[in-house]
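Chemist: Pasting my_file_35.csv below, which is CSV, N, CA and C atoms.
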chain,number,residue,atom,x,y,z
A,244,GLU,N,64.4,267.2,225.6
A,244,GLU,CA,64.7,267.7,224.3
A,244,GLU,C,63.5,268.5,223.8
A,245,LEU,N,63.9,269.5,223.0
A,245,LEU,CA,62.8,270.4,222.5
A,245,LEU,C,63.1,270.8,221.1
A,246,ASN,N,62.0,270.9,220.3
A,246,ASN,CA,62.2,271.4,218.9
A,246,ASN,C,61.9,272.9,218.9
A,247,ALA,N,62.7,273.7,218.3
A,247,ALA,CA,62.5,275.1,218.2
A,247,ALA,C,62.9,275.6,216.8
A,248,ASN,N,62.3,276.7,216.5
A,248,ASN,CA,62.6,277.4,215.2
A,248,ASN,C,63.9,278.2,215.3
A,249,THR,N,64.7,278.2,214.2
A,249,THR,CA,65.9,279.1,214.2
A,249,THR,C,65.4,280.5,214.3
A,250,GLY,N,66.0,281.3,215.1
A,250,GLY,CA,65.6,282.7,215.3
A,250,GLY,C,64.7,283.0,216.5
A,251,ASP,N,64.3,281.9,217.1
A,251,ASP,CA,63.5,282.1,218.4
A,251,ASP,C,64.4,282.6,219.5
A,252,ALA,N,63.9,283.5,220.3
A,252,ALA,CA,64.6,284.0,221.5
A,252,ALA,C,64.9,282.9,222.5
A,253,LEU,N,66.1,282.7,222.9
A,253,LEU,CA,66.5,281.7,223.8
A,253,LEU,C,65.8,281.9,225.2
A,254,ALA,N,65.8,283.2,225.6
A,254,ALA,CA,65.2,283.5,226.9
A,254,ALA,C,63.7,283.1,227.0
A,255,ASP,N,63.0,283.3,225.9
A,255,ASP,CA,61.6,283.0,225.9
A,255,ASP,C,61.4,281.5,226.0
A,256,ILE,N,62.2,280.7,225.3
A,256,ILE,CA,62.1,279.3,225.3
A,256,ILE,C,62.4,278.7,226.7
A,257,LEU,N,63.4,279.3,227.3
A,257,LEU,CA,63.8,278.8,228.7
A,257,LEU,C,62.7,279.2,229.7
A,258,LEU,N,62.0,280.4,229.5
A,258,LEU,CA,60.9,280.7,230.4
A,258,LEU,C,59.8,279.8,230.2
A,259,ASP,N,59.4,279.4,228.9
A,259,ASP,CA,58.3,278.5,228.6
A,259,ASP,C,58.6,277.1,229.3
A,260,GLN,N,59.9,276.7,229.3
A,260,GLN,CA,60.2,275.4,229.8
A,260,GLN,C,60.5,275.5,231.3
A,261,LYS,N,60.3,276.6,231.9
A,261,LYS,CA,60.5,276.8,233.4
A,261,LYS,C,61.9,276.5,233.9
A,262,LEU,N,62.9,276.7,233.0
A,262,LEU,CA,64.3,276.6,233.4
A,262,LEU,C,64.8,277.8,234.0
A,263,ILE,N,64.2,279.0,233.7
A,263,ILE,CA,64.5,280.2,234.4
A,263,ILE,C,63.2,280.8,234.9
A,264,GLU,N,63.3,281.7,235.9
A,264,GLU,CA,62.0,282.2,236.5
A,264,GLU,C,61.7,283.6,235.9
A,265,SER,N,62.7,284.3,235.3
A,265,SER,CA,62.4,285.6,234.8
A,265,SER,C,63.5,286.0,233.8
A,266,LYS,N,63.2,287.1,233.0
A,266,LYS,CA,64.2,287.6,232.1
A,266,LYS,C,65.3,288.3,232.9
A,267,ASN,N,65.0,288.8,234.1
A,267,ASN,CA,66.1,289.4,234.9
A,267,ASN,C,67.1,288.3,235.3
A,268,GLU,N,66.5,287.1,235.7
A,268,GLU,CA,67.4,286.0,236.1
A,268,GLU,C,68.3,285.6,234.8
A,269,TRP,N,67.7,285.6,233.7
A,269,TRP,CA,68.4,285.3,232.4
A,269,TRP,C,69.5,286.2,232.2
A,270,ARG,N,69.3,287.6,232.3
A,270,ARG,CA,70.3,288.6,232.1
A,270,ARG,C,71.4,288.4,233.1
A,271,ARG,N,71.1,288.1,234.3
A,271,ARG,CA,72.1,287.9,235.4
A,271,ARG,C,73.0,286.7,235.1
A,272,LEU,N,72.4,285.6,234.7
A,272,LEU,CA,73.1,284.4,234.4
A,272,LEU,C,74.1,284.6,233.2
A,273,VAL,N,73.6,285.3,232.1
A,273,VAL,CA,74.4,285.6,231.0
A,273,VAL,C,75.6,286.5,231.4
A,274,THR,N,75.3,287.5,232.1
A,274,THR,CA,76.3,288.5,232.6
A,274,THR,C,77.4,287.8,233.4
A,275,GLU,N,77.0,286.8,234.2
A,275,GLU,CA,77.9,286.1,235.0
A,275,GLU,C,78.7,285.0,234.3
A,276,GLY,N,78.3,284.8,233.0
A,276,GLY,CA,79.0,283.7,232.2
A,276,GLY,C,78.5,282.3,232.5
A,277,ALA,N,77.3,282.2,233.0
A,277,ALA,CA,76.8,280.9,233.5
A,277,ALA,C,75.9,280.2,232.4
A,278,VAL,N,75.9,280.7,231.2
A,278,VAL,CA,75.1,280.1,230.1
A,278,VAL,C,76.1,279.7,229.0
A,279,SER,N,75.9,278.5,228.5
A,279,SER,CA,76.8,278.1,227.4
A,279,SER,C,76.0,277.1,226.5
A,280,MET,N,76.4,277.0,225.2
A,280,MET,CA,75.9,276.1,224.3
A,280,MET,C,77.0,275.2,223.7
A,281,ASP,N,76.9,273.9,224.0
A,281,ASP,CA,78.0,273.0,223.6
A,281,ASP,C,79.4,273.5,224.0
A,282,GLY,N,79.5,274.1,225.2
A,282,GLY,CA,80.8,274.5,225.7
A,282,GLY,C,81.2,276.0,225.4
A,283,ASP,N,80.4,276.6,224.5
A,283,ASP,CA,80.7,278.0,224.1
A,283,ASP,C,79.8,278.9,224.9
A,284,LYS,N,80.4,279.9,225.6
A,284,LYS,CA,79.7,280.8,226.4
A,284,LYS,C,78.8,281.7,225.6
A,285,ILE,N,77.6,282.0,226.1
A,285,ILE,CA,76.7,282.9,225.5
A,285,ILE,C,76.8,284.2,226.2
A,286,ALA,N,77.2,285.3,225.5
A,286,ALA,CA,77.4,286.6,226.1
A,286,ALA,C,76.3,287.6,225.8
A,287,ASP,N,75.4,287.3,224.9
A,287,ASP,CA,74.3,288.2,224.6
A,287,ASP,C,73.0,287.8,225.2
A,288,PRO,N,72.4,288.7,226.0
A,288,PRO,CA,71.1,288.3,226.6
A,288,PRO,C,70.0,288.2,225.6
A,289,MET,N,70.2,288.8,224.5
A,289,MET,CA,69.2,288.8,223.4
A,289,MET,C,69.5,287.7,222.4
A,290,ALA,N,70.2,286.7,222.8
A,290,ALA,CA,70.6,285.6,221.9
A,290,ALA,C,69.4,284.8,221.4
A,291,LYS,N,69.5,284.4,220.1
A,291,LYS,CA,68.5,283.7,219.4
A,291,LYS,C,69.0,282.3,219.1
A,292,ILE,N,68.1,281.3,218.9
A,292,ILE,CA,68.5,280.0,218.5
A,292,ILE,C,69.1,280.0,217.1
A,293,GLU,N,70.3,279.5,217.0
A,293,GLU,CA,71.0,279.5,215.6
A,293,GLU,C,71.1,278.1,215.1
A,294,LYS,N,71.4,277.2,216.0
A,294,LYS,CA,71.6,275.8,215.6
A,294,LYS,C,71.2,274.9,216.7
A,295,SER,N,71.1,273.6,216.4
A,295,SER,CA,70.8,272.6,217.4
A,295,SER,C,72.0,272.4,218.3
A,296,GLY,N,71.7,272.1,219.6
A,296,GLY,CA,72.8,271.9,220.6
A,296,GLY,C,72.2,271.7,222.0
A,297,THR,N,73.2,271.5,222.9
A,297,THR,CA,72.8,271.4,224.3
A,297,THR,C,73.2,272.6,225.0
A,298,TYR,N,72.2,273.2,225.7
A,298,TYR,CA,72.4,274.5,226.4
A,298,TYR,C,72.5,274.2,227.9
A,299,ARG,N,73.5,274.8,228.5
A,299,ARG,CA,73.7,274.6,230.0
A,299,ARG,C,73.4,276.0,230.6
A,300,ILE,N,72.5,276.0,231.6
A,300,ILE,CA,72.1,277.2,232.3
A,300,ILE,C,72.5,277.0,233.8
A,301,GLY,N,73.5,277.7,234.2
A,301,GLY,CA,74.0,277.4,235.6
A,301,GLY,C,74.7,276.1,235.7
A,302,LYS,N,74.7,275.5,236.8
A,302,LYS,CA,75.5,274.3,237.1
A,302,LYS,C,74.6,273.0,236.7
A,303,HIS,N,73.3,273.1,236.9
A,303,HIS,CA,72.5,271.9,236.9
A,303,HIS,C,71.4,271.8,235.9
A,304,ARG,N,71.2,272.9,235.2
A,304,ARG,CA,70.1,272.9,234.2
A,304,ARG,C,70.6,272.7,232.8
A,305,PHE,N,70.0,271.8,232.1
A,305,PHE,CA,70.4,271.5,230.7
A,305,PHE,C,69.2,271.4,229.8
A,306,LEU,N,69.3,271.8,228.6
A,306,LEU,CA,68.2,271.7,227.6
A,306,LEU,C,68.8,271.4,226.2
A,307,LYS,N,68.4,270.3,225.6
A,307,LYS,CA,68.8,270.0,224.3
A,307,LYS,C,67.8,270.5,223.3
A,308,ILE,N,68.2,271.4,222.4
A,308,ILE,CA,67.3,272.0,221.4
A,308,ILE,C,67.7,271.5,220.0
A,309,THR,N,66.7,271.1,219.3
A,309,THR,CA,66.8,270.7,217.9
A,309,THR,C,66.1,271.7,217.1
A,310,THR,N,66.8,272.3,216.1
A,310,THR,CA,66.2,273.3,215.3
A,310,THR,C,65.4,272.7,214.1
A,311,THR,N,64.4,273.4,213.7
A,311,THR,CA,63.6,272.9,212.6
A,311,THR,C,63.7,273.9,211.4
For the structure just supplied, provide its representation as structure tokens.

Modeler:
Amino acid sequence: ELNANTGDALADILLDQKLIESKNEWRRLVTEGAVSMDGDKIADPMAKIEKSGTYRIGKHRFLKITTT
């Protein structure tokens, strides 16, 4: 579980948490439809944190983010 500010870039947070290795990997995952938040697909590689939720990256990586 991670606390984040509303408006933070999702890619930067995932890089900091070492859930993705690069922004290129992030763009590829988003393009392939492998990223979702509470079951809703994320289609924008420039996505920002809008609300608290559980993010799924690929099949086995999850991160619960709580907004402040």

Chemist: Can you pull out every residue from chain A that DSSP, working from the backbone, puts in strand (DSSP E or B), and format the result as a list in words?

Modeler: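 Here are the strand (DSSP E or B) residues of chain A: Leu245, Asn246, Ala247, Ala252, Val278, Ser279, Met280, Asp283, Lys284, Lys291, Gly296, Thr297, Tyr298, Arg299, Ile300, Arg304, Phe305, Leu306, Lys307, Ile308, Thr309 and Thr310 of chain A.
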
Chemist: Compute the distance from (72.9, 276.7, 217.9) to each atom, counting all atoms listed in the file, keep the residues with any atom at most 8 Å away, and return them as a ChimeraX atom specification; use the coordinates of the file.

Modeler: /A:280-281,291-297,308,310

Chemist: Up to 12 Å from (67.1, 283.4, 221.6) in the file's coordinates: name the residues, counting only C-alpha atoms, as a PyMOL selection string.

Modeler: chain A and resi 247-258+266+269+280+285-294+298+308+310

Chemist: In Å to one decimal, how far is CA of Ser279 in chain A from CA of Lys302 in chain A?

Modeler: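 Answer for the CA of Lys302 in chain A to CA of Ser279 in chain A separation: 10.5 Å.
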
Chemist: Rounded to one decimal place, report the CA of Glu268 in chain A-CA of Thr311 in chain A distance in Å.

Modeler: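 These atoms are spaced 27.2 Å apart.
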
Chemist: CA of Arg299 in chain A and CA of Val278 in chain A are how many Å apart?

Modeler: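 Atom-to-atom, CA of Arg299 in chain A and CA of Val278 in chain A are spaced 5.7 Å apart.
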
Chemist: From the set A:Glu264, A:Leu245, A:Leu306, A:Gly301, which residue has the shortest atom-to-atom contact distance to Gly276 in chain A, counting only C-alpha atoms?

Modeler: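 Using only C-alpha atoms, the shortest distance to Gly276 in chain A belongs to A:Gly301.
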
Chemist: So which bits of chain A end up alpha helix (DSSP H) when you DSSP the backbone, as a list in words?

Modeler: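 Selection result, alpha helix (DSSP H) within chain A: Leu253, Ala254, Asp255, Ile256, Leu257, Leu258, Asp259, Lys266, Asn267, Glu268, Trp269, Arg270, Arg271, Leu272, Val273 and Thr274 of chain A.
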
Chemist: Of the candidates A:Asn246, A:Gln260, A:Val273, A:Ser265, which one gets nearest to Ile300 in chain A if we count only C-alpha atoms?

Modeler: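 Counting only C-alpha atoms, the residue closest to Ile300 in chain A is A:Val273.
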
Chemist: Can you patch up range 278-289 of chain A, filling it in to all heavy atoms, and show the result as a compact mmCIF listing (two decimals), in the coordinates of the input?

Modeler:
# COMPACT_ATOMS: atom_id res chain seq x y z
N VAL A 278 75.90 280.70 231.20
CA VAL A 278 75.10 280.10 230.10
C VAL A 278 76.10 279.70 229.00
O VAL A 278 76.87 280.53 228.55
CB VAL A 278 74.03 281.05 229.64
CG1 VAL A 278 73.19 280.40 228.56
CG2 VAL A 278 73.16 281.52 230.79
N SER A 279 75.90 278.50 228.50
CA SER A 279 76.80 278.10 227.40
C SER A 279 76.00 277.10 226.50
O SER A 279 74.99 276.49 226.90
CB SER A 279 78.04 277.38 227.87
OG SER A 279 77.74 276.22 228.59
N MET A 280 76.40 277.00 225.20
CA MET A 280 75.90 276.10 224.30
C MET A 280 77.00 275.20 223.70
O MET A 280 77.91 275.74 223.13
CB MET A 280 75.18 276.83 223.15
CG MET A 280 74.26 275.97 222.29
SD MET A 280 75.00 275.13 220.89
CE MET A 280 75.51 276.45 219.88
N ASP A 281 76.90 273.90 224.00
CA ASP A 281 78.00 273.00 223.60
C ASP A 281 79.40 273.50 224.00
O ASP A 281 80.35 273.38 223.27
CB ASP A 281 77.95 272.74 222.11
CG ASP A 281 76.71 271.97 221.69
OD1 ASP A 281 76.14 271.25 222.55
OD2 ASP A 281 76.29 272.08 220.52
N GLY A 282 79.50 274.10 225.20
CA GLY A 282 80.80 274.50 225.70
C GLY A 282 81.20 276.00 225.40
O GLY A 282 82.11 276.50 225.95
N ASP A 283 80.40 276.60 224.50
CA ASP A 283 80.70 278.00 224.10
C ASP A 283 79.80 278.90 224.90
O ASP A 283 78.59 278.81 224.88
CB ASP A 283 80.45 278.22 222.59
CG ASP A 283 81.35 277.36 221.73
OD1 ASP A 283 82.51 277.13 222.13
OD2 ASP A 283 80.90 276.94 220.65
N LYS A 284 80.40 279.90 225.60
CA LYS A 284 79.70 280.80 226.40
C LYS A 284 78.80 281.70 225.60
O LYS A 284 79.12 282.08 224.47
CB LYS A 284 80.62 281.74 227.21
CG LYS A 284 81.49 280.99 228.19
CD LYS A 284 81.05 281.22 229.59
CE LYS A 284 82.05 280.56 230.52
NZ LYS A 284 81.41 279.79 231.53
N ILE A 285 77.60 282.00 226.10
CA ILE A 285 76.70 282.90 225.50
C ILE A 285 76.80 284.20 226.20
O ILE A 285 76.61 284.30 227.42
CB ILE A 285 75.25 282.38 225.50
CG1 ILE A 285 75.18 281.12 224.67
CG2 ILE A 285 74.26 283.44 225.02
CD1 ILE A 285 73.85 280.43 224.71
N ALA A 286 77.20 285.30 225.50
CA ALA A 286 77.40 286.60 226.10
C ALA A 286 76.30 287.60 225.80
O ALA A 286 76.32 288.69 226.41
CB ALA A 286 78.77 287.15 225.63
N ASP A 287 75.40 287.30 224.90
CA ASP A 287 74.30 288.20 224.60
C ASP A 287 73.00 287.80 225.20
O ASP A 287 72.48 286.76 224.84
CB ASP A 287 74.22 288.26 223.02
CG ASP A 287 73.16 289.21 222.52
OD1 ASP A 287 72.67 290.03 223.32
OD2 ASP A 287 72.83 289.15 221.32
N PRO A 288 72.40 288.70 226.00
CA PRO A 288 71.10 288.30 226.60
C PRO A 288 70.00 288.20 225.60
O PRO A 288 68.96 287.68 225.88
CB PRO A 288 70.88 289.39 227.68
CG PRO A 288 72.01 290.32 227.63
CD PRO A 288 72.98 289.87 226.61
N MET A 289 70.20 288.80 224.50
CA MET A 289 69.20 288.80 223.40
C MET A 289 69.50 287.70 222.40
O MET A 289 68.95 287.70 221.29
CB MET A 289 69.18 290.15 222.66
CG MET A 289 68.93 291.35 223.57
SD MET A 289 67.37 291.26 224.46
CE MET A 289 66.25 291.55 223.12
